[in-house]
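Quick look at start23.cif (mmCIF, C-alpha atoms and all ligand atoms):
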data_final
loop_
_atom_site.group_PDB
_atom_site.id
_atom_site.type_symbol
_atom_site.label_atom_id
_atom_site.label_comp_id
_atom_site.auth_asym_id
_atom_site.auth_seq_id
_atom_site.Cartn_x
_atom_site.Cartn_y
_atom_site.Cartn_z
ATOM 1 C CA MET J 1 26.577 -8.475 -10.599
ATOM 2 C CA GLU J 2 27.373 -12.095 -11.538
ATOM 3 C CA TYR J 3 24.475 -14.539 -11.824
ATOM 4 C CA ILE J 4 24.614 -18.349 -12.019
ATOM 5 C CA LYS J 5 24.649 -19.511 -15.634
ATOM 6 C CA ILE J 6 22.049 -22.095 -16.616
ATOM 7 C CA LYS J 7 22.908 -24.511 -19.444
ATOM 8 C CA ASN J 8 20.920 -23.878 -22.644
ATOM 9 C CA ALA J 9 19.228 -20.855 -21.062
ATOM 10 C CA ASP J 10 18.955 -19.180 -24.470
ATOM 11 C CA GLN J 11 17.020 -22.159 -25.893
ATOM 12 C CA ILE J 12 14.743 -22.439 -22.853
ATOM 13 C CA VAL J 13 13.919 -18.742 -23.135
ATOM 14 C CA LYS J 14 13.374 -18.985 -26.887
ATOM 15 C CA ASN J 15 10.944 -21.902 -26.551
ATOM 16 C CA SER J 16 8.835 -20.556 -23.674
ATOM 17 C CA ARG J 17 5.248 -19.679 -24.591
ATOM 18 C CA TYR J 18 5.496 -16.724 -22.195
ATOM 19 C CA VAL J 19 8.458 -15.145 -23.977
ATOM 20 C CA ILE J 20 8.068 -12.756 -26.886
ATOM 21 C CA ASN J 21 11.193 -13.460 -28.936
ATOM 22 C CA ASN J 22 10.912 -10.613 -31.401
ATOM 23 C CA PRO J 23 9.610 -7.780 -29.207
ATOM 24 C CA LEU J 24 10.676 -5.069 -31.661
ATOM 25 C CA ASN J 25 7.917 -6.276 -34.012
ATOM 26 C CA TYR J 26 5.234 -5.385 -31.489
ATOM 27 C CA LYS J 27 5.895 -1.701 -30.910
ATOM 28 C CA GLY J 28 2.466 -0.079 -30.561
ATOM 29 C CA LYS J 29 0.729 -3.475 -30.768
ATOM 30 C CA TRP J 30 1.062 -4.947 -27.288
ATOM 31 C CA HIS J 31 -2.690 -4.842 -26.749
ATOM 32 C CA GLU J 32 -2.999 -7.249 -29.678
ATOM 33 C CA ILE J 33 -0.694 -9.675 -27.886
ATOM 34 C CA PHE J 34 -2.841 -9.564 -24.774
ATOM 35 C CA ASN J 35 -6.018 -9.425 -26.811
ATOM 36 C CA ASN J 36 -7.575 -6.748 -24.574
ATOM 37 C CA ASN J 37 -7.280 -3.049 -23.738
ATOM 38 C CA ASN J 38 -6.342 -3.466 -20.082
ATOM 39 C CA PRO J 39 -3.446 -1.394 -18.699
ATOM 40 C CA ILE J 40 0.053 -2.744 -19.324
ATOM 41 C CA ASP J 41 2.625 -2.652 -16.511
ATOM 42 C CA LEU J 42 6.334 -3.291 -17.020
ATOM 43 C CA GLU J 43 8.971 -4.534 -14.559
ATOM 44 C CA LEU J 44 12.569 -3.709 -15.512
ATOM 45 C CA GLY J 45 15.041 -6.346 -14.321
ATOM 46 C CA MET J 46 12.515 -8.982 -13.233
ATOM 47 C CA GLY J 47 15.275 -11.397 -12.163
ATOM 48 C CA ARG J 48 13.728 -14.723 -11.090
ATOM 49 C CA GLY J 49 10.246 -13.376 -11.709
ATOM 50 C CA ASP J 50 8.422 -13.933 -8.392
ATOM 51 C CA PHE J 51 7.070 -10.371 -8.348
ATOM 52 C CA ILE J 52 5.730 -10.150 -11.895
ATOM 53 C CA ILE J 53 4.211 -13.664 -11.771
ATOM 54 C CA GLU J 54 2.425 -12.943 -8.493
ATOM 55 C CA MET J 55 1.252 -9.533 -9.798
ATOM 56 C CA ALA J 56 -0.238 -11.232 -12.873
ATOM 57 C CA LYS J 57 -2.061 -13.758 -10.668
ATOM 58 C CA THR J 58 -3.326 -11.084 -8.263
ATOM 59 C CA TYR J 59 -4.480 -8.534 -10.855
ATOM 60 C CA PRO J 60 -6.087 -10.443 -13.763
ATOM 61 C CA ASN J 61 -7.540 -7.206 -15.160
ATOM 62 C CA ARG J 62 -4.094 -5.757 -15.850
ATOM 63 C CA ASN J 63 -1.407 -6.986 -18.233
ATOM 64 C CA PHE J 64 2.201 -7.482 -17.121
ATOM 65 C CA ILE J 65 5.519 -7.636 -18.944
ATOM 66 C CA GLY J 66 8.683 -8.806 -17.207
ATOM 67 C CA LEU J 67 11.872 -7.577 -18.849
ATOM 68 C CA GLU J 68 15.243 -9.098 -18.027
ATOM 69 C CA ILE J 69 18.644 -8.889 -19.729
ATOM 70 C CA ASN J 70 20.028 -12.169 -18.354
ATOM 71 C CA ASP J 71 18.569 -15.331 -19.894
ATOM 72 C CA SER J 72 19.649 -17.578 -16.994
ATOM 73 C CA GLN J 73 17.797 -15.332 -14.552
ATOM 74 C CA MET J 74 14.718 -15.496 -16.767
ATOM 75 C CA VAL J 75 14.837 -19.320 -16.900
ATOM 76 C CA ASN J 76 14.130 -19.382 -13.153
ATOM 77 C CA GLY J 77 10.922 -17.459 -13.829
ATOM 78 C CA ILE J 78 9.985 -19.649 -16.795
ATOM 79 C CA LYS J 79 10.254 -22.771 -14.616
ATOM 80 C CA LYS J 80 7.791 -21.278 -12.125
ATOM 81 C CA LEU J 81 5.349 -20.686 -14.972
ATOM 82 C CA GLU J 82 5.360 -24.261 -16.313
ATOM 83 C CA ASN J 83 2.045 -25.265 -14.744
ATOM 84 C CA LEU J 84 0.388 -21.874 -14.881
ATOM 85 C CA ASN J 85 -1.743 -20.450 -17.631
ATOM 86 C CA LEU J 86 -1.480 -16.696 -17.170
ATOM 87 C CA LYS J 87 -2.927 -14.910 -20.178
ATOM 88 C CA ASN J 88 -1.951 -11.496 -18.804
ATOM 89 C CA LEU J 89 1.817 -12.074 -18.543
ATOM 90 C CA LYS J 90 4.596 -11.904 -21.132
ATOM 91 C CA LEU J 91 8.377 -11.901 -20.728
ATOM 92 C CA ILE J 92 11.056 -10.266 -22.846
ATOM 93 C CA CYS J 93 14.780 -10.934 -22.645
ATOM 94 C CA ILE J 94 16.486 -7.718 -23.679
ATOM 95 C CA ASP J 95 18.457 -4.747 -22.345
ATOM 96 C CA ALA J 96 16.221 -2.135 -20.680
ATOM 97 C CA ARG J 97 17.980 0.521 -22.785
ATOM 98 C CA GLU J 98 16.029 -0.828 -25.765
ATOM 99 C CA ILE J 99 12.544 -0.142 -24.392
ATOM 100 C CA ASP J 100 11.782 2.770 -26.691
ATOM 101 C CA LYS J 101 12.293 0.416 -29.661
ATOM 102 C CA ILE J 102 9.840 -2.104 -28.183
ATOM 103 C CA PHE J 103 7.031 0.078 -26.901
ATOM 104 C CA ALA J 104 5.160 3.084 -28.215
ATOM 105 C CA LYS J 105 3.112 5.118 -25.719
ATOM 106 C CA GLU J 106 1.410 2.065 -24.221
ATOM 107 C CA ILE J 107 2.805 1.490 -20.718
ATOM 108 C CA ASP J 108 0.841 2.374 -17.602
ATOM 109 C CA THR J 109 3.228 1.711 -14.699
ATOM 110 C CA ILE J 110 6.956 0.915 -14.569
ATOM 111 C CA TYR J 111 8.223 -1.138 -11.631
ATOM 112 C CA LEU J 112 11.883 -0.762 -10.664
ATOM 113 C CA THR J 113 12.523 -3.512 -8.167
ATOM 114 C CA PHE J 114 15.848 -3.846 -6.405
ATOM 115 C CA SER J 115 17.673 -2.570 -9.463
ATOM 116 C CA GLU J 116 21.444 -2.612 -9.412
ATOM 117 C CA PRO J 117 22.569 0.521 -7.518
ATOM 118 C CA TRP J 118 25.678 1.252 -9.632
ATOM 119 C CA PRO J 119 27.378 3.103 -6.757
ATOM 120 C CA LYS J 120 30.321 4.521 -8.742
ATOM 121 C CA LYS J 121 29.838 7.995 -10.204
ATOM 122 C CA ILE J 122 31.176 6.736 -13.538
ATOM 123 C CA ASP J 123 28.228 4.269 -13.724
ATOM 124 C CA GLU J 124 25.539 6.799 -12.800
ATOM 125 C CA LYS J 125 23.962 6.605 -16.274
ATOM 126 C CA LYS J 126 23.210 2.914 -15.734
ATOM 127 C CA ARG J 127 20.885 3.613 -12.804
ATOM 128 C CA PHE J 128 17.282 3.070 -13.829
ATOM 129 C CA THR J 129 16.365 6.470 -12.371
ATOM 130 C CA HIS J 130 19.072 8.408 -14.204
ATOM 131 C CA GLU J 131 17.653 11.214 -16.354
ATOM 132 C CA SER J 132 18.544 9.313 -19.541
ATOM 133 C CA TYR J 133 16.246 6.473 -18.422
ATOM 134 C CA LEU J 134 13.516 8.914 -17.337
ATOM 135 C CA LYS J 135 13.629 10.316 -20.883
ATOM 136 C CA LEU J 136 13.227 6.804 -22.278
ATOM 137 C CA TYR J 137 10.239 6.198 -20.004
ATOM 138 C CA ASP J 138 8.632 9.396 -21.384
ATOM 139 C CA LYS J 139 8.543 7.699 -24.772
ATOM 140 C CA ILE J 140 6.638 4.621 -23.561
ATOM 141 C CA PHE J 141 4.232 5.931 -20.911
ATOM 142 C CA LYS J 142 0.679 6.064 -22.191
ATOM 143 C CA LYS J 143 -0.365 9.399 -20.689
ATOM 144 C CA LYS J 144 0.259 9.727 -16.987
ATOM 145 C CA LYS J 145 3.779 8.701 -15.911
ATOM 146 C CA HIS J 146 3.827 6.265 -13.011
ATOM 147 C CA ILE J 147 6.917 4.682 -11.436
ATOM 148 C CA ILE J 148 7.016 2.399 -8.402
ATOM 149 C CA LEU J 149 10.462 1.698 -6.989
ATOM 150 C CA LYS J 150 11.607 -0.601 -4.202
ATOM 151 C CA THR J 151 15.171 -1.002 -2.994
ATOM 152 C CA ASP J 152 17.228 -1.882 0.059
ATOM 153 C CA ASN J 153 19.897 0.591 -1.064
ATOM 154 C CA LYS J 154 19.673 3.944 0.722
ATOM 155 C CA VAL J 155 22.024 5.697 -1.697
ATOM 156 C CA LEU J 156 20.082 4.590 -4.776
ATOM 157 C CA PHE J 157 16.852 5.564 -3.025
ATOM 158 C CA ALA J 158 18.058 9.066 -2.160
ATOM 159 C CA TYR J 159 19.423 9.459 -5.678
ATOM 160 C CA SER J 160 16.081 8.346 -7.167
ATOM 161 C CA LEU J 161 14.052 10.756 -5.029
ATOM 162 C CA GLU J 162 16.235 13.615 -6.225
ATOM 163 C CA SER J 163 16.383 12.543 -9.851
ATOM 164 C CA LEU J 164 12.608 12.034 -10.083
ATOM 165 C CA SER J 165 11.772 15.287 -8.354
ATOM 166 C CA ASN J 166 14.225 17.188 -10.588
ATOM 167 C CA TYR J 167 12.274 15.676 -13.472
ATOM 168 C CA TRP J 168 9.002 17.061 -12.033
ATOM 169 C CA TYR J 169 7.599 13.814 -10.691
ATOM 170 C CA THR J 170 5.615 14.088 -7.469
ATOM 171 C CA PHE J 171 5.380 11.403 -4.822
ATOM 172 C CA LYS J 172 2.092 9.710 -3.960
ATOM 173 C CA ARG J 173 3.753 7.523 -1.323
ATOM 174 C CA VAL J 174 7.219 7.265 0.151
ATOM 175 C CA SER J 175 8.242 4.770 2.821
ATOM 176 C CA LEU J 176 11.559 4.247 4.555
ATOM 177 C CA ASP J 177 10.404 0.871 5.873
ATOM 178 C CA LEU J 178 7.787 -0.628 3.587
ATOM 179 C CA HIS J 179 7.100 -3.722 5.674
ATOM 180 C CA HIS J 180 6.600 -1.837 8.929
ATOM 181 C CA ASP J 181 4.916 1.303 7.636
ATOM 182 C CA GLU J 182 2.036 2.322 9.917
ATOM 183 C CA ASN J 183 -0.085 3.050 6.819
ATOM 184 C CA LYS J 184 -0.003 -0.362 5.187
ATOM 185 C CA ILE J 185 1.007 -0.335 1.520
ATOM 186 C CA PRO J 186 -0.291 -3.208 -0.638
ATOM 187 C CA ASN J 187 2.797 -5.160 -1.617
ATOM 188 C CA ILE J 188 3.972 -8.260 -3.431
ATOM 189 C CA MET J 189 7.524 -9.281 -2.625
ATOM 190 C CA THR J 190 10.298 -9.872 -5.169
ATOM 191 C CA ASN J 191 12.944 -12.588 -4.719
ATOM 192 C CA TYR J 192 15.518 -10.169 -3.332
ATOM 193 C CA GLU J 193 12.938 -8.573 -1.092
ATOM 194 C CA LYS J 194 11.993 -11.935 0.485
ATOM 195 C CA GLN J 195 15.633 -12.444 1.470
ATOM 196 C CA TYR J 196 16.076 -8.908 2.830
ATOM 197 C CA TYR J 197 12.791 -9.174 4.730
ATOM 198 C CA LYS J 198 14.039 -12.363 6.422
ATOM 199 C CA GLU J 199 17.225 -10.528 7.370
ATOM 200 C CA GLY J 200 15.140 -7.694 8.862
ATOM 201 C CA ARG J 201 16.527 -5.057 6.512
ATOM 202 C CA PRO J 202 14.276 -2.046 5.804
ATOM 203 C CA ILE J 203 12.933 -1.686 2.286
ATOM 204 C CA PHE J 204 12.661 1.788 0.763
ATOM 205 C CA TYR J 205 9.610 2.445 -1.378
ATOM 206 C CA LEU J 206 8.376 5.224 -3.610
ATOM 207 C CA ASP J 207 5.335 5.682 -5.818
ATOM 208 C CA ALA J 208 5.874 8.614 -8.174
ATOM 209 C CA ILE J 209 3.605 10.198 -10.763
ATOM 210 C CA PHE J 210 3.695 12.950 -13.318
ATOM 211 C CA GLU J 211 0.441 14.235 -14.763
ATOM 212 C CA SER J 212 0.541 16.833 -17.508
HETATM 213 C C1 LIG V 1 19.424 -7.255 -8.193
HETATM 214 S S1 LIG V 1 18.489 -8.082 -9.391
HETATM 215 C C2 LIG V 1 16.824 -7.866 -8.863
HETATM 216 C C3 LIG V 1 15.896 -8.880 -9.467
HETATM 217 C C4 LIG V 1 14.414 -8.755 -9.076
HETATM 218 N N1 LIG V 1 13.846 -7.490 -9.507
HETATM 219 C C5 LIG V 1 14.234 -8.912 -7.596
HETATM 220 O O1 LIG V 1 13.975 -7.909 -6.910
HETATM 221 O O2 LIG V 1 14.336 -10.033 -7.102
HETATM 222 C C6 LIG V 1 18.585 -6.972 -10.781
HETATM 223 C C7 LIG V 1 18.146 -7.621 -12.082
HETATM 224 O O3 LIG V 1 18.165 -6.633 -13.099
HETATM 225 C C8 LIG V 1 18.711 -7.190 -14.276
HETATM 226 N N2 LIG V 1 19.265 -6.085 -15.096
HETATM 227 C C9 LIG V 1 20.343 -5.315 -14.810
HETATM 228 N N3 LIG V 1 20.562 -4.416 -15.786
HETATM 229 C C10 LIG V 1 19.584 -4.623 -16.712
HETATM 230 C C11 LIG V 1 19.261 -4.007 -17.955
HETATM 231 N N4 LIG V 1 19.999 -2.989 -18.443
HETATM 232 N N5 LIG V 1 18.190 -4.458 -18.630
HETATM 233 C C12 LIG V 1 17.427 -5.471 -18.139
HETATM 234 N N6 LIG V 1 17.684 -6.104 -16.977
HETATM 235 C C13 LIG V 1 18.734 -5.678 -16.261
HETATM 236 C C14 LIG V 1 19.775 -8.151 -13.772
HETATM 237 O O4 LIG V 1 20.131 -9.123 -14.736
HETATM 238 C C15 LIG V 1 19.081 -8.737 -12.539
HETATM 239 O O5 LIG V 1 18.336 -9.892 -12.846
#
Taking this structure as input, can you express it in the form of structure tokens?
Ligand SMILES: C[S@@+](CC[C@H](N)C(=O)[O-])C[C@H]1O[C@@H](n2cnc3c(N)ncnc32)[C@H](O)[C@@H]1O
Amino acid sequence: MEYIKIKNADQIVKNSRYVINNPLNYKGKWHEIFNNNNPIDLELGMGRGDFIIEMAKTYPNRNFIGLEINDSQMVNGIKKLENLNLKNLKLICIDAREIDKIFAKEIDTIYLTFSEPWPKKIDEKKRFTHESYLKLYDKIFKKKKHIILKTDNKVLFAYSLESLSNYWYTFKRVSLDLHHDENKIPNIMTNYEKQYYKEGRPIFYLDAIFES
């Protein structure tokens, strides 16, 4: 997917007090960054950041990390943070494939929000619920594995249900229409989700766990 390029995005990202510029130095030490032992949740592909920022505001007793590969996308999030002082939020601008170099077993929940669906078979490995990613997540989950996924893409959703269940995850909640589910699911919307909601498109949701 092509995203609008923002001038000097790399410098804006580098100079933000929310961004950890050398995340590889903090493997196993993220609690020191947050200065507490609260759970740490990670969003892969945070885009413009609405979700992770709102999560950090809503749940002050958890820590949040927004990861995004595209610096221009991240700048949109940084701008929203200018007048906020959220001690429980950090951002990292890096490829999600690097997460095992950045984190030891210290992540509580991984959020996969409207990730690119990579519909072609040849790109299957790039899907965030491909087995190769699930193996990466094994390396960074603290104890219990916990993944929450939201998407508007039926094919990616079906693929994710199968891939996760083949990897022995079980499902705490599944919804084929998150915003109209008769059993209300607490939810904070992402940027993409706000648009799809306006258009009346159903959002697919899953909450998967693996406890050894
Ligand atoms: C469709 S957007 C969704 C953004 C946001 N989660 C939302 O729901 O509004 C997908 C985002 O994932 C990012 N992304 C794609 N592949 C990535 C990767 N390998 N590592 C980190 N971010 C990635 C893209 O740059 C983009 O910002």
Query raised in the report: Please, which residues have at least one atom within 7 Å of an atom of ligand LIG 1 (chain V), using only C-alpha atoms and all ligand atoms, listed as a VMD selection string?
Result: chain J and resid 44 to 49 67 to 70 73 94 to 97 113 to 116 190 to 193
Query - Ref. answer, residues at most 7 Å from (8.4, -1.9, -3.1) with all atoms listed in the file, as a PyMOL selection string - result: chain J and resi 113+148-151+178+187+204-205
Requested in this report: Would you kindly identify which residues have an atom no farther than 12 Å from (0.2, -1.8, -30.5), using all atoms listed in the file and the file's own coordinates, and write them out as number ranges by chain?
Outcome: J: 23-37, 40, 102-107, 140, 142
Query - Between atom CA of J:Pro186 and atom CA of J:Tyr3 - distance in Å to one decimal - result: 29.4 Å
Using the file's own x, y and z axes, what box holds all listed atoms of stretch 28-46 of chain J with 8 Å on each side, keeping edges along x, y and z, and what are its centre and edge lengths in Å to one decimal, as AutoDock Vina command-line options?
--center_x 3.7 --center_y -4.9 --center_z -22.0 --size_x 38.6 --size_y 25.6 --size_z 33.5
**Report entry** Between atom CA of J:Glu54 and atom CA of J:Gly77, distance in Å (one decimal)
**Finding:**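 We find that atom CA of J:Glu54 and atom CA of J:Gly77 lie 11.0 Å from each other.
Across the model, the gap from atom CA of J:Asn153 to atom CA of J:Glu98 is 25.0 Å.
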Query raised in the report: From the list J:Leu42, J:Ile122, J:Met55, J:Val13, which residue is nearest J:Met189 when using all atoms listed in the file?
Result: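 Of J:Leu42, J:Ile122, J:Met55, J:Val13, the one nearest J:Met189 is J:Met55, counting all atoms listed in the file.
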Step by step, work through what the PyMOL selection byres (((chain J and resi 207) around 7) and not hetatm) selects in the shown file, and finish by giving those residues as an mmCIF file with C-alpha atoms, keeping the file's coordinate frame.
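Saved the output as selection-v8.cif:
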data_model
loop_
_atom_site.group_PDB
_atom_site.id
_atom_site.type_symbol
_atom_site.label_atom_id
_atom_site.label_comp_id
_atom_site.auth_asym_id
_atom_site.auth_seq_id
_atom_site.Cartn_x
_atom_site.Cartn_y
_atom_site.Cartn_z
ATOM 1 C CA ILE J 147 6.917 4.682 -11.436
ATOM 2 C CA ILE J 148 7.016 2.399 -8.402
ATOM 3 C CA LEU J 149 10.462 1.698 -6.989
ATOM 4 C CA PHE J 171 5.380 11.403 -4.822
ATOM 5 C CA LYS J 172 2.092 9.710 -3.960
ATOM 6 C CA ARG J 173 3.753 7.523 -1.323
ATOM 7 C CA VAL J 174 7.219 7.265 0.151
ATOM 8 C CA TYR J 205 9.610 2.445 -1.378
ATOM 9 C CA LEU J 206 8.376 5.224 -3.610
ATOM 10 C CA ALA J 208 5.874 8.614 -8.174
ATOM 11 C CA ILE J 209 3.605 10.198 -10.763
#
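Closest approach to J:Asn21 among J:Glu162, J:Glu211, J:Glu182, J:Asp71 is made by J:Asp71 (distances from all atoms listed in the file).
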Starting from the displayed file, determine the output of the PyMOL selection byres (((chain J and resi 86) around 12) and not hetatm) and express the residue list as a PDB file with C-alpha atoms, in the coordinates of the input.
ATOM      1  CA  ARG J  17       5.248 -19.679 -24.591  1.00  0.00           C
ATOM      2  CA  TYR J  18       5.496 -16.724 -22.195  1.00  0.00           C
ATOM      3  CA  PHE J  34      -2.841  -9.564 -24.774  1.00  0.00           C
ATOM      4  CA  ILE J  52       5.730 -10.150 -11.895  1.00  0.00           C
ATOM      5  CA  ILE J  53       4.211 -13.664 -11.771  1.00  0.00           C
ATOM      6  CA  GLU J  54       2.425 -12.943  -8.493  1.00  0.00           C
ATOM      7  CA  MET J  55       1.252  -9.533  -9.798  1.00  0.00           C
ATOM      8  CA  ALA J  56      -0.238 -11.232 -12.873  1.00  0.00           C
ATOM      9  CA  LYS J  57      -2.061 -13.758 -10.668  1.00  0.00           C
ATOM     10  CA  THR J  58      -3.326 -11.084  -8.263  1.00  0.00           C
ATOM     11  CA  TYR J  59      -4.480  -8.534 -10.855  1.00  0.00           C
ATOM     12  CA  PRO J  60      -6.087 -10.443 -13.763  1.00  0.00           C
ATOM     13  CA  ASN J  61      -7.540  -7.206 -15.160  1.00  0.00           C
ATOM     14  CA  ARG J  62      -4.094  -5.757 -15.850  1.00  0.00           C
ATOM     15  CA  ASN J  63      -1.407  -6.986 -18.233  1.00  0.00           C
ATOM     16  CA  PHE J  64       2.201  -7.482 -17.121  1.00  0.00           C
ATOM     17  CA  ILE J  65       5.519  -7.636 -18.944  1.00  0.00           C
ATOM     18  CA  ILE J  78       9.985 -19.649 -16.795  1.00  0.00           C
ATOM     19  CA  LYS J  80       7.791 -21.278 -12.125  1.00  0.00           C
ATOM     20  CA  LEU J  81       5.349 -20.686 -14.972  1.00  0.00           C
ATOM     21  CA  GLU J  82       5.360 -24.261 -16.313  1.00  0.00           C
ATOM     22  CA  ASN J  83       2.045 -25.265 -14.744  1.00  0.00           C
ATOM     23  CA  LEU J  84       0.388 -21.874 -14.881  1.00  0.00           C
ATOM     24  CA  ASN J  85      -1.743 -20.450 -17.631  1.00  0.00           C
ATOM     25  CA  LYS J  87      -2.927 -14.910 -20.178  1.00  0.00           C
ATOM     26  CA  ASN J  88      -1.951 -11.496 -18.804  1.00  0.00           C
ATOM     27  CA  LEU J  89       1.817 -12.074 -18.543  1.00  0.00           C
ATOM     28  CA  LYS J  90       4.596 -11.904 -21.132  1.00  0.00           C
ATOM     29  CA  LEU J  91       8.377 -11.901 -20.728  1.00  0.00           C
TER      30      LEU J  91
END
Report summary line: Residue with the minimum atom-to-atom distance to J:Asn8, picked from J:Ser72, J:Ile20, J:Gln195, J:Lys143 with all atoms listed in the file counted, is J:Ser72
Report task. Tell me which of J:Phe141, J:Trp118, J:Tyr133, J:Tyr159 sits closest to J:Asp41, counting only C-alpha atoms. Result ->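 Ranked by minimum distance to J:Asp41, first place goes to J:Phe141.
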